[in-house]
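Novice: Supplied structure: model04.cif, mmCIF, C-alpha atoms (C1' of nucleotides).
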```cif
data_start
loop_
_atom_site.label_atom_id
_atom_site.label_comp_id
_atom_site.auth_asym_id
_atom_site.auth_seq_id
_atom_site.Cartn_x
_atom_site.Cartn_y
_atom_site.Cartn_z
CA MET A 27 23.41 -26.13 -40.50
CA ARG A 28 20.71 -24.50 -38.40
CA SER A 29 21.49 -21.08 -37.00
CA ALA A 30 21.57 -20.83 -33.19
CA PRO A 31 17.99 -21.24 -31.97
CA ALA A 32 18.57 -21.00 -28.24
CA ALA A 33 18.56 -17.87 -26.11
CA VAL A 34 16.53 -15.93 -28.63
CA ALA A 35 13.19 -15.73 -27.01
CA GLU A 36 12.93 -17.06 -23.43
CA VAL A 37 13.12 -13.60 -21.88
CA THR A 38 10.02 -11.92 -20.47
CA PRO A 39 8.01 -15.10 -19.97
CA GLU A 40 4.65 -13.36 -20.24
CA ARG A 41 5.63 -9.93 -21.53
CA PHE A 42 4.58 -7.61 -18.77
CA ASN A 43 2.38 -9.12 -16.12
CA LEU A 44 1.77 -7.45 -12.80
CA PHE A 45 0.23 -10.65 -11.52
CA ASP A 46 3.61 -12.28 -11.78
CA PRO A 47 5.38 -11.75 -8.45
CA ASN A 48 8.66 -11.22 -10.29
CA CYS A 49 7.41 -8.50 -12.61
CA PRO A 50 9.48 -5.36 -12.04
CA GLY A 51 6.38 -3.25 -12.61
CA ARG A 52 5.04 -4.46 -9.29
CA ALA A 53 7.58 -2.41 -7.40
CA VAL A 54 6.65 0.69 -9.36
CA MET A 55 2.98 0.06 -8.68
CA GLU A 56 3.73 -0.31 -5.01
CA HIS A 57 5.66 2.94 -4.86
CA ILE A 58 2.79 4.80 -6.45
CA VAL A 59 0.00 3.24 -4.46
CA SER A 60 1.86 2.99 -1.19
CA ARG A 61 0.30 4.49 1.88
CA TRP A 62 2.28 7.71 1.52
CA GLY A 63 2.87 7.58 -2.21
CA VAL A 64 -0.75 8.25 -3.07
CA LEU A 65 -0.84 11.25 -0.79
CA VAL A 66 2.48 12.72 -1.93
CA LEU A 67 1.41 12.49 -5.55
CA GLY A 68 -1.83 14.22 -4.66
CA VAL A 69 -0.01 17.09 -3.03
CA LEU A 70 2.42 17.50 -5.91
CA LEU A 71 -0.42 17.66 -8.39
CA ARG A 72 -1.26 21.00 -6.80
CA GLY A 73 2.18 22.33 -7.67
CA THR A 74 5.85 22.41 -6.72
CA HIS A 75 6.51 22.12 -3.02
CA ARG A 76 9.36 21.97 -0.60
CA PHE A 77 10.07 19.03 1.67
CA GLY A 78 8.65 20.73 4.73
CA GLU A 79 5.53 21.81 2.91
CA ILE A 80 4.79 18.29 1.78
CA ARG A 81 5.41 17.02 5.27
CA ALA A 82 2.93 19.53 6.65
CA ALA A 83 0.36 18.74 3.96
CA VAL A 84 0.43 15.00 4.45
CA GLY A 85 -0.88 14.48 7.93
CA GLY A 86 0.86 11.80 9.92
CA VAL A 87 3.89 11.17 7.75
CA SER A 88 7.28 10.99 9.45
CA GLU A 89 10.40 12.59 8.03
CA LYS A 90 11.88 9.21 7.39
CA MET A 91 8.95 7.86 5.46
CA LEU A 92 8.54 11.03 3.46
CA ALA A 93 12.18 11.05 2.42
CA GLN A 94 11.96 7.38 1.54
CA THR A 95 8.76 7.84 -0.48
CA LEU A 96 10.12 10.82 -2.38
CA GLN A 97 13.31 8.98 -3.21
CA ALA A 98 11.45 6.00 -4.61
CA LEU A 99 9.25 8.23 -6.73
CA GLU A 100 12.23 10.24 -7.90
CA ARG A 101 14.09 7.09 -8.88
CA ASP A 102 11.09 5.87 -10.85
CA GLY A 103 11.04 9.17 -12.73
CA MET A 104 7.72 10.30 -11.26
CA VAL A 105 9.08 13.19 -9.23
CA LEU A 106 11.69 15.83 -9.99
CA ARG A 107 13.96 16.93 -7.15
CA GLU A 108 15.69 20.27 -7.50
CA VAL A 109 18.28 21.44 -5.01
CA ARG A 110 19.10 25.12 -4.69
CA PRO A 111 22.63 25.44 -3.33
CA VAL A 112 21.86 27.88 -0.56
CA ILE A 113 22.11 27.87 3.19
CA PRO A 114 19.85 26.80 4.69
CA PRO A 115 19.09 24.15 2.06
CA HIS A 116 16.16 24.62 -0.27
CA VAL A 117 14.80 21.62 -2.17
CA ASP A 118 11.84 21.69 -4.49
CA TYR A 119 9.79 18.69 -5.50
CA SER A 120 7.49 18.57 -8.49
CA LEU A 121 5.86 16.08 -10.81
CA THR A 122 7.59 15.07 -14.00
CA ASP A 123 5.67 14.71 -17.25
CA LEU A 124 5.90 10.99 -16.66
CA GLY A 125 4.45 11.24 -13.19
CA ARG A 126 1.65 13.70 -13.74
CA PRO A 127 -0.80 11.26 -15.34
CA PHE A 128 -0.32 8.93 -12.41
CA ALA A 129 -0.99 11.70 -9.95
CA GLU A 130 -4.11 12.60 -11.87
CA THR A 131 -5.39 9.06 -11.81
CA ILE A 132 -4.69 8.81 -8.12
CA THR A 133 -6.55 12.03 -7.53
CA THR A 134 -9.47 10.52 -9.39
CA LEU A 135 -9.46 7.84 -6.73
CA TYR A 136 -9.67 10.48 -4.00
CA THR A 137 -12.80 11.88 -5.56
CA MET A 138 -14.31 8.49 -6.12
CA ILE A 139 -13.78 7.54 -2.52
CA GLU A 140 -15.26 10.79 -1.34
CA ARG A 141 -18.38 10.31 -3.47
CA ALA A 142 -18.67 6.67 -2.45
CA ALA A 143 -18.22 7.43 1.23
CA PRO A 144 -21.92 7.17 2.20
CA ASP A 145 -22.33 3.88 0.37
CA VAL A 146 -19.14 2.55 1.90
CA GLN A 147 -20.27 3.49 5.35
CA ALA A 148 -23.63 1.79 4.80
CA ALA A 149 -21.90 -1.33 3.53
CA GLN A 150 -19.60 -1.43 6.51
CA GLN A 151 -22.49 -1.04 8.91
CA ALA A 152 -24.48 -3.79 7.19
CA TYR A 153 -21.43 -6.04 7.23
CA ASP A 154 -20.80 -5.47 10.91
CA GLU A 155 -24.42 -6.12 11.80
CA ARG A 156 -24.44 -9.30 9.76
CA LYS A 157 -21.39 -10.43 11.70
CA ALA A 158 -22.73 -9.44 15.08
CA ALA A 159 -25.87 -11.46 14.41
CA ARG A 160 -24.09 -14.78 14.63
CA MET B 19 -29.44 34.63 27.76
CA ARG B 20 -27.52 33.41 24.75
CA SER B 21 -28.50 30.04 23.34
CA ALA B 22 -25.79 27.40 23.50
CA PRO B 23 -23.20 28.35 20.90
CA ALA B 24 -20.78 25.54 21.50
CA ALA B 25 -20.81 22.14 19.87
CA VAL B 26 -22.80 23.30 16.89
CA ALA B 27 -20.26 23.22 14.18
CA GLU B 28 -16.88 21.75 15.18
CA VAL B 29 -17.63 18.40 13.59
CA THR B 30 -15.94 17.40 10.36
CA PRO B 31 -13.14 19.94 10.64
CA GLU B 32 -12.46 19.96 6.91
CA ARG B 33 -15.36 17.93 5.49
CA PHE B 34 -13.67 15.02 3.84
CA ASN B 35 -9.91 15.22 3.70
CA LEU B 36 -7.73 12.25 2.95
CA PHE B 37 -4.71 14.25 4.04
CA ASP B 38 -6.09 14.26 7.54
CA PRO B 39 -4.73 11.20 9.33
CA ASN B 40 -8.08 10.72 11.04
CA CYS B 41 -10.19 10.74 7.91
CA PRO B 42 -12.05 7.43 7.67
CA GLY B 43 -11.62 7.50 3.90
CA ARG B 44 -7.94 6.78 4.38
CA ALA B 45 -8.66 3.26 5.47
CA VAL B 46 -10.81 2.67 2.41
CA MET B 47 -8.08 4.07 0.21
CA GLU B 48 -5.57 1.79 1.83
CA HIS B 49 -7.71 -1.29 1.34
CA ILE B 50 -8.06 -0.51 -2.34
CA VAL B 51 -4.46 0.38 -3.04
CA SER B 52 -2.94 -2.19 -0.74
CA ARG B 53 -0.37 -4.54 -2.17
CA TRP B 54 -2.93 -7.29 -2.74
CA GLY B 55 -6.00 -5.09 -3.06
CA VAL B 56 -4.95 -3.64 -6.40
CA LEU B 57 -4.35 -7.10 -7.81
CA VAL B 58 -7.54 -8.65 -6.47
CA LEU B 59 -9.61 -5.84 -7.96
CA GLY B 60 -7.85 -6.36 -11.24
CA VAL B 61 -8.70 -10.04 -11.29
CA LEU B 62 -12.33 -9.48 -10.36
CA LEU B 63 -12.74 -6.98 -13.16
CA ARG B 64 -12.37 -9.95 -15.49
CA GLY B 65 -15.37 -11.65 -13.91
CA THR B 66 -16.65 -13.65 -10.97
CA HIS B 67 -14.12 -15.98 -9.43
CA ARG B 68 -13.75 -18.47 -6.65
CA PHE B 69 -11.27 -18.10 -3.82
CA GLY B 70 -8.85 -20.64 -5.24
CA GLU B 71 -8.98 -19.08 -8.66
CA ILE B 72 -8.10 -15.68 -7.32
CA ARG B 73 -5.33 -17.19 -5.29
CA ALA B 74 -3.91 -18.82 -8.39
CA ALA B 75 -4.27 -15.66 -10.47
CA VAL B 76 -2.52 -13.38 -7.99
CA GLY B 77 1.00 -14.65 -7.89
CA GLY B 78 2.58 -14.71 -4.47
CA VAL B 79 -0.43 -14.11 -2.26
CA SER B 80 -0.93 -16.35 0.76
CA GLU B 81 -4.30 -17.70 1.84
CA LYS B 82 -4.27 -15.54 4.88
CA MET B 83 -3.60 -12.29 3.05
CA LEU B 84 -6.11 -13.09 0.35
CA ALA B 85 -8.84 -13.82 2.86
CA GLN B 86 -7.97 -10.65 4.75
CA THR B 87 -7.96 -8.55 1.60
CA LEU B 88 -11.25 -9.94 0.37
CA GLN B 89 -12.88 -9.35 3.73
CA ALA B 90 -11.80 -5.73 3.84
CA LEU B 91 -13.07 -5.13 0.32
CA GLU B 92 -16.31 -6.93 1.09
CA ARG B 93 -16.86 -4.85 4.20
CA ASP B 94 -16.25 -1.67 2.23
CA GLY B 95 -18.90 -2.75 -0.26
CA MET B 96 -16.47 -3.20 -3.13
CA VAL B 97 -16.76 -6.94 -3.42
CA LEU B 98 -19.74 -9.28 -3.23
CA ARG B 99 -19.26 -12.63 -1.55
CA GLU B 100 -21.73 -15.39 -2.39
CA VAL B 101 -21.73 -18.70 -0.60
CA ARG B 102 -23.33 -21.74 -2.17
CA PRO B 103 -24.38 -24.14 0.58
CA VAL B 104 -22.80 -27.22 -0.86
CA ILE B 105 -20.11 -29.61 0.22
CA PRO B 106 -17.36 -28.99 -0.46
CA PRO B 107 -17.91 -25.23 -0.02
CA HIS B 108 -18.22 -23.03 -3.07
CA VAL B 109 -17.75 -19.29 -2.69
CA ASP B 110 -17.93 -16.77 -5.49
CA TYR B 111 -16.44 -13.31 -5.43
CA SER B 112 -17.41 -10.52 -7.77
CA LEU B 113 -17.31 -6.76 -7.98
CA THR B 114 -20.26 -4.74 -6.78
CA ASP B 115 -21.52 -1.77 -8.75
CA LEU B 116 -19.78 0.35 -6.16
CA GLY B 117 -16.49 -1.41 -6.60
CA ARG B 118 -16.36 -1.73 -10.36
CA PRO B 119 -15.30 1.87 -11.08
CA PHE B 120 -12.46 1.49 -8.62
CA ALA B 121 -11.31 -1.69 -10.27
CA GLU B 122 -11.43 0.06 -13.62
CA THR B 123 -9.34 2.94 -12.38
CA ILE B 124 -6.84 0.56 -10.88
CA THR B 125 -6.65 -1.32 -14.15
CA THR B 126 -5.94 1.98 -15.84
CA LEU B 127 -2.93 2.21 -13.60
CA TYR B 128 -1.73 -1.21 -14.74
CA THR B 129 -1.78 -0.05 -18.32
CA MET B 130 -0.11 3.23 -17.51
CA ILE B 131 2.70 1.47 -15.72
CA GLU B 132 3.14 -0.95 -18.56
CA ARG B 133 3.38 1.86 -21.10
CA ALA B 134 5.68 3.88 -18.88
CA ALA B 135 7.95 0.95 -18.15
CA PRO B 136 10.76 1.92 -20.54
CA ASP B 137 10.84 5.49 -19.25
CA VAL B 138 10.78 4.27 -15.69
CA GLN B 139 13.65 1.93 -16.32
CA ALA B 140 15.67 4.69 -17.95
CA ALA B 141 14.95 6.99 -15.02
CA GLN B 142 16.02 4.34 -12.54
CA GLN B 143 19.23 3.72 -14.41
CA ALA B 144 20.03 7.42 -14.60
CA TYR B 145 19.28 7.80 -10.91
CA ASP B 146 21.50 4.90 -9.95
CA GLU B 147 24.37 6.20 -12.06
CA ARG B 148 24.03 9.66 -10.58
CA LYS B 149 24.27 8.09 -7.15
CA ALA B 150 27.18 5.84 -8.00
CA ALA B 151 29.13 8.84 -9.26
CA ARG B 152 29.67 10.26 -5.78
"C1'" DC C 20 -12.71 -26.19 -0.79
"C1'" DA C 21 -12.82 -22.04 1.91
"C1'" DG C 22 -11.34 -20.16 5.74
"C1'" DA C 23 -10.13 -19.52 10.91
"C1'" DA C 24 -6.59 -19.79 14.27
"C1'" DT C 25 -1.96 -19.94 15.85
"C1'" DC C 26 2.87 -19.07 15.67
"C1'" DC C 27 6.63 -16.50 14.48
"C1'" DC C 28 9.91 -13.80 11.86
"C1'" DA C 29 11.23 -9.99 8.88
"C1'" DA C 30 10.19 -5.78 7.34
"C1'" DA C 31 8.04 -1.39 7.98
"C1'" DC C 32 7.43 2.35 10.70
"C1'" DG C 33 7.83 6.34 14.10
"C1'" DA C 34 10.57 8.93 17.43
"C1'" DT C 35 14.62 10.87 18.39
"C1'" DA C 36 19.11 12.63 17.80
"C1'" DC C 37 22.51 14.25 14.81
"C1'" DT C 38 24.76 16.64 10.46
"C1'" DG C 39 25.87 19.51 6.25
"C1'" DC D 5 16.01 23.33 6.19
"C1'" DA D 6 16.51 18.86 4.51
"C1'" DG D 7 17.85 15.25 5.27
"C1'" DT D 8 20.70 10.72 7.56
"C1'" DA D 9 21.45 7.34 11.34
"C1'" DT D 10 20.11 4.64 14.90
"C1'" DC D 11 16.94 2.23 17.70
"C1'" DG D 12 12.88 0.04 19.58
"C1'" DT D 13 8.31 -1.14 18.57
"C1'" DT D 14 4.58 -2.44 15.73
"C1'" DT D 15 2.76 -4.55 11.94
"C1'" DG D 16 2.55 -7.34 7.85
"C1'" DG D 17 2.51 -11.43 6.26
"C1'" DG D 18 4.11 -16.50 5.43
"C1'" DA D 19 3.80 -21.35 7.11
"C1'" DT D 20 1.24 -24.51 9.32
"C1'" DT D 21 -2.55 -26.71 11.37
"C1'" DC D 22 -7.38 -27.35 12.11
"C1'" DT D 23 -12.56 -27.19 11.06
"C1'" DG D 24 -17.20 -27.09 8.73
#
```
Turn the structure described in the file into structure tokens.

Specialist:
Amino acid sequence: MRSAPAAVAEVTPERFNLFDPNCPGRAVMEHIVSRWGVLVLGVLLRGTHRFGEIRAAVGGVSEKMLAQTLQALERDGMVLREVRPVIPPHVDYSLTDLGRPFAETITTLYTMIERAAPDVQAAQQAYDERKAAR
Amino acid sequence: MRSAPAAVAEVTPERFNLFDPNCPGRAVMEHIVSRWGVLVLGVLLRGTHRFGEIRAAVGGVSEKMLAQTLQALERDGMVLREVRPVIPPHVDYSLTDLGRPFAETITTLYTMIERAAPDVQAAQQAYDERKAAR
DNA sequence: CAGAATCCCAAACGATACTG
DNA sequence: CAGTATCGTTTGGGATTCTG
């Protein structure tokens, strides 16, 4: 008699594959590299901040989107949210040990973009001229 | 008579600041870390590929979004597009020297997410339970 | 095969008002 | 102060069709 062979493997078709649309890691990736996620992580790398401070630091973000972004990052374990039970409310946000490396990598991207800016601008100009010429 | 003092400085209020909603670097950042941008860069890090190959590799992307993503990255100088004048058309995409470091950094993020996956899942579960308990 | 163009819907987003 | 709720608009993005 052969012992039950079915339902042993079968799970995780290709281990962990971000290129698979059903991979749960995709959502995490998207939270981190979302429009506001990258900026929030950058701010928090500079230290603990309150909601209003983050909102002021990240130009253009609405309250709604900031709250939403922070919640996603908190749920993923990237951000720690600490509420002080006072009136008026006081809530501090900071990076967790899990989140810090991500914030650092993202910040690397900031620097890379800044250094690449002249080349990017040249490339864009060349591209636009190439297009205009047809 | 004092020589014209106005309009001397004033430009580039804070040099290069991604946190400024008007900073042109923001657009570049968003192209790179867009939903499909991160995946396309990851694929191209593995080598030169044709349009259809990339489309097959990146699960869930539509033709339209792939074309759009590739165009943005090409315009920013991250991706090189080479057309071979044959019928049927043959177009190769590859990373430029400018784009490769970005693709490498993005790929670092893949790995980080993969390694963090268990912690993330635990954090999500804890978060959901905390929420459910009220 | 690579992509441009069109249509159209769902989701994302911002502004505003409200609450603990 | 730190959100939540609601609403109207914009945008993203998929499906389809067409062309070189």

Novice: Can you list what the PyMOL selection byres ((chain A and resi 46) around 8) grabs from this structure, as a PDB file with C-alpha atoms, in the frame of the given file?

Specialist:
```
ATOM      1  CA  ASN A  43       2.380  -9.120 -16.120  1.00  0.00           C
ATOM      2  CA  LEU A  44       1.770  -7.450 -12.800  1.00  0.00           C
ATOM      3  CA  PHE A  45       0.230 -10.650 -11.520  1.00  0.00           C
ATOM      4  CA  PRO A  47       5.380 -11.750  -8.450  1.00  0.00           C
ATOM      5  CA  ASN A  48       8.660 -11.220 -10.290  1.00  0.00           C
ATOM      6  CA  CYS A  49       7.410  -8.500 -12.610  1.00  0.00           C
TER       7      CYS A  49
ATOM      8  CA  VAL B  76      -2.520 -13.380  -7.990  1.00  0.00           C
ATOM      9  CA  GLY B  77       1.000 -14.650  -7.890  1.00  0.00           C
ATOM     10  CA  GLY B  78       2.580 -14.710  -4.470  1.00  0.00           C
TER      11      GLY B  78
END
```

Novice: With the PyMOL selection byres ((chain D) within 9 of (chain B)) as the selection, what would be picked from this file? Answer as a PyMOL selection string, please.

Specialist: chain D and resi 17-18+24

Novice: Given the file above and the PyMOL selection byres ((chain B) within 12 of (chain C)), which residues are selected, and can you give them as a PyMOL selection string?

Specialist: chain B and resi 68-71+73+81-86+88-89+99-111

Novice: Using only C-alpha atoms, what does the table of chain A residues within 7 Å of chain B look like, with each row giving the shortest atom pair and its distance in Å to one decimal, sorted by chain and ascending number, as a tab-separated table?

Specialist:
```
residue	atom	partner	partner_atom	distance
A:Phe42	CA	B:Glu132	CA	6.8
A:Phe45	CA	B:Val76	CA	5.2
A:Asp46	CA	B:Gly77	CA	5.2
A:Pro47	CA	B:Gly77	CA	5.3
A:Gly51	CA	B:Ile131	CA	6.7
A:Glu56	CA	B:Arg53	CA	6.5
A:Val59	CA	B:Val51	CA	5.5
A:Arg61	CA	B:Glu48	CA	6.5
A:Leu65	CA	B:Phe37	CA	6.9
A:Ala83	CA	B:Phe37	CA	6.8
A:Val84	CA	B:Phe37	CA	5.2
A:Gly85	CA	B:Asp38	CA	5.2
A:Gly86	CA	B:Pro39	CA	5.7
A:Arg101	CA	B:Gln142	CA	5.0
A:Asp102	CA	B:Val138	CA	5.1
A:Gly103	CA	B:Ala141	CA	5.0
A:Ile139	CA	B:Gly43	CA	6.8
A:Glu140	CA	B:Phe34	CA	6.9
A:Val146	CA	B:Asp94	CA	5.1
A:Ala149	CA	B:Gly95	CA	5.0
A:Gln150	CA	B:Arg93	CA	5.0
A:Tyr153	CA	B:Arg93	CA	5.6
```

Novice: With 8 Å on each side, where is the centre of the axis-aligned box around all listed atoms of stretch 43-62 of chain A, and how long are its edges in Å to one decimal, as lines of an AutoDock Vina configuration file?

Specialist:
```
center_x = 4.7
center_y = -2.3
center_z = -7.1
size_x = 25.5
size_y = 36.0
size_z = 34.0
```

Novice: Any idea what the distance is between atom CA of A:Leu106 and atom CA of B:Lys149?

Specialist: 15.0 Å

Novice: Which value, in Å to one decimal, gives the distance between atom CA of A:Leu71 and atom CA of B:Glu122?

Specialist: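 Going from atom CA of A:Leu71 over to atom CA of B:Glu122 covers 21.4 Å.
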
Novice: In Å to one decimal, how far is atom C1' of D:DG7 from atom CA of A:Gly63?

Specialist: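 Spanning atom CA of A:Gly63 to atom C1' of D:DG7 is a straight-line distance of 18.4 Å.
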